[in-house]
Amino acid sequence: MSGVRPGPLARVLRHLVLMTGTVAMLGPFVVMLMTSFKPKAEIFAPTFHLLPHSWGGTENYATALTQVPLLHFLLNGAIVTAAIFLLQVLVNVPAAYALAKRRFRGRDAMFATVLVCLLIPYQAIALPIYILFFSTGILNTYASLVLPFTISVFGIFLMRQFFLGVPDDLIDAARIDGMSEYRIVWGVMAPTAMPALVAFGIFSLVAHWNDYFWPLIAVAREELYTPPLGIAFLKQNGEGTAYGPLMAAATIVITPLVLAFLVAQRRFIEGITFTGLKG
Amino acid sequence: MNGRGSLLLLTAPALVLMALFLIGPLLAVVALSFTDYQLGAPSLSFVGIANYLEMTEDETVRISLANTLIYVGVVVPVSVALGLGAALLIEADPSLRGFYRAAYFLPVMATLIAMAIVWEFMLDARFGAVNMALKAIGLGPFDFLHDRKLVLFTLCGIGVWQSVGFNMVLFMAGLTAVPRELYEAAAVDGAGRGIERFRLVTWPMLGPVTLFTVVITAIRAFQVFDTVQVLTGGGPNKASEVLLHTIYAEAFNFFRNGYAAALVVVFLLFIMALSAVRLFVLDRRESRS
């Protein structure tokens with residue numbers, strides 16, 4: 001930051017404070033993992049010890065995977081998040097290109113609408129969408145989990161800002177070569193926007209993998225549950241306090257994201273923060 | 001192929017979906033708030049501002065609104081201050097920087113529902129790790145999630161835990177934008193270290209980032225729902241009832257959709273006011289850079 005390294009005492013103090021914070025931040029993850037390895041008797045023992053004394057992991061993970069179809073829920077999560085992101089790209093990248101690089105009547109109005117829509121929290125419009133889906137019979141389908149998020153005004157906004165910086169010469173050259181507008185979007189613009197697309201992808205993936213509010217409303221059929229619904233279901237369905245299997249299930253649900261995060265830490269932090277402008 | 005036809009191809013999907021899933025529902029929710037609509041009922045009638053009047057006398061709504069404001073009022077200052085502290089300390093020295101950054105950020109992206117259940121287990125009055133630790137120093141036990149006086153603050157604690165890392169990275173981005181020359185100038189003026197340097201250089205330069213962070217955290221805190229729904233259901237005795245949970249219950253448990261829509265409008269007003277500040281700050285940041 002300033003180039004001046006703090007003195008030895010300050011350095012020790014820094015670690016002391018930050019390590020205390022780390023215990024609070026990582027504590028729940030460690031407890032989760034360790035508890036998922038413990039047999040029932042140890043989990044409900046009157047004294048707490050972090051490391052398991054005897055092995056109960058096999059039973060916990062087996063229960064988590066068989067009492068509810070957890071792997072199926074994970075698959076649902078993967079299908080839904082992938083479908084959402086794919087459709088978001090297909091819908092929003094061309095629109096962002098038009099807003100950034102085409103001149104047309106109504107462009108400013110369209111962009112203003114995008115800005116207004118940025119202000120709408122999705123929980124506020126869940127009720128009318130629920131009624132719409134109820135009356136068209138779409139509730140309780142994969143489509144009901146995916147469709148409301150295919151439009152991402154945030155994605156449009158982000159990609160437009162990025163496309164504004166792409167030189168017009170690049171597009172003019174492509175037009176002289178006789179490329180269609182669609183070829184320009186996917187062959188010229190999209191590749192230049194890779195960093196923005198990756199960041200948006202990570203944001204979208206994390207947001208929809210973790211989303212609980214909308215799936216809770218949109219689907220009531222167990223075979224459509226996404227991971228967050230699945231784990232809440234296991235909590236209600238099991239004895240509620242069967243913490244061994246619950247901790248195993250929690251571990252299974254968060255592991256894909258945590259692994260991806262550890263592999264591509266910097267990209268994740270970028271993706272989630274510079275998308276910080278989304279509420 | 002460069003004319004109107006291609007333009008329609010590019011923008012039509014986004015425009016149609018925007019109308020169907022954003023603008024339309026927004027208008028619909030406002031319209032619904034003036035009706036007595038109930039899902040599945042054969043008809044609905046216009047009731048004027050009756051829903052809004054009912055709201056003013058609804059004890060649950062009053063408690064829910066108060067709780068939400070308390071939640072926002074606790075989570076925002078605490079998580080912003082801790083986020084700033086973490087960012088400053090982590091960036092002050094390269095030692096273990098990457099590790100700390102990852103550790104503090106992990107709660108931001110871990111599935112909140114899963115982690116809420118972990119917290120429930122850790123906070124259990126009899127065999128939870130937190131109470132065992134408190135017992136070792138002669139405190140407790142506390143029934144964090146079932147004690148009427150504690151439950152809201154317990155949820156605040158989980159909210160803080162989850163958002164510190166988010167605020168931290170926002171501040172880190174702000175810190176890298178502070179020009180190095182300013183620190184050198186401050187050093188020349190004898191304010192080279194510690195608190196003086198923070199007061200004279202870092203803090204004034206972080207002003208816009210701080211405002212931005214406060215607004216974003218407030219918006220996120222207003223939307224608190226997951227932890228309430230899965231851990232307390234708003235209880236005990238409404239002690240942890242929050243706005244989004246009340247809306248959810250009215251709309252999807254009691255199917256009083258007109259009334260729920262009116263509550264949504266109130267929720268929207270709060271969020272939109274905060275969002276407007278956010279856009280204003282963003283705009284100023286962009287026009288300056």
# chains A, B, ... in the order shown; residues from 1 in each chain; ligands from 1
call {"tool": "interface_residues", "arguments": {"of": "chain A", "to": "chain B", "cutoff": "6 Å", "atoms": "only C-alpha atoms", "output": "list in words"}}
result
Met25, Phe44, Val91, Pro94, Ala95, Leu119, Ala124, Ile125, Pro128, Pro148, Ile151, Asn210, Pro228, Ala250, Ile254 and Gly279 of chain A
call {"tool": "closest_residue", "arguments": {"among": "B:Asn253, B:Pro141, B:Arg199, B:Leu243", "to": "Val228 of chain B", "atoms": "only C-alpha atoms"}}
result
B:Leu243
call {"tool": "select_by_dssp", "arguments": {"residues": "segment 42-289 of chain B", "states": "alpha helix (DSSP H)", "output": "NGL selection string"}}
result
:B and (50-57 or 59-91 or 97-109 or 112-122 or 129-136 or 151-176 or 180-188 or 194-197 or 203-222 or 226-227 or 243-248 or 257-288)
call {"tool": "closest_residue", "arguments": {"among": "B:Val80, B:Asn237, B:Lys135, B:Thr246", "to": "Ala262 of chain B", "atoms": "only C-alpha atoms"}}
result
B:Thr246
call {"tool": "residues_around", "arguments": {"residues": "Val74 of chain B", "least_positions_apart": "3", "cutoff": "12 Å", "atoms": "only C-alpha atoms", "output": "list of chain:residue names"}}
result
B:Asn67, B:Thr68, B:Leu69, B:Ile70, B:Tyr71, B:Pro77, B:Val78, B:Ser79, B:Val80, B:Ala81, B:Leu152, B:Phe153, B:Thr154, B:Leu155, B:Cys156, B:Gly157, B:Ile158, B:Gly159, B:Val160, B:Val214, B:Thr217, B:Ala218, B:Ala221, B:Phe222
call {"tool": "atom_distance", "arguments": {"atom1": "atom CA of Gly57 of chain A", "atom2": "atom CA of Lys38 of chain A"}}
result
6.0 Å
call {"tool": "atom_distance", "arguments": {"atom1": "atom CA of Gly244 of chain A", "atom2": "atom CA of Thr22 of chain A"}}
result
24.2 Å
call {"tool": "residues_around", "arguments": {"residues": "segment 143-150 of chain B", "least_positions_apart": "5", "cutoff": "7 Å", "atoms": "only C-alpha atoms", "output": "ChimeraX atom specification"}}
result
/B:123-125,232,236,239
call {"tool": "residues_around", "arguments": {"residues": "Tyr243 of chain A", "least_positions_apart": "5", "cutoff": "9 Å", "atoms": "only C-alpha atoms", "output": "ChimeraX atom specification"}}
result
/A:35-36,40,43,60,235,248 /B:117-118,121
call {"tool": "closest_residue", "arguments": {"among": "A:Trp186, A:Leu71, A:Ala218, A:Leu16", "to": "Gly137 of chain A", "atoms": "only C-alpha atoms"}}
result
A:Ala218
call {"tool": "atom_distance", "arguments": {"atom1": "atom CA of Phe133 of chain A", "atom2": "atom CA of Leu147 of chain A"}}
result
10.1 Å
call {"tool": "closest_residue", "arguments": {"among": "A:Ile272, A:Leu259, A:Leu51, A:Ala249", "to": "Pro69 of chain A", "atoms": "only C-alpha atoms"}}
result
A:Ala249
call {"tool": "closest_residue", "arguments": {"among": "B:Val47, B:Ile63, B:Leu269, B:Ala186", "to": "Val242 of chain B", "atoms": "only C-alpha atoms"}}
result
B:Ile63
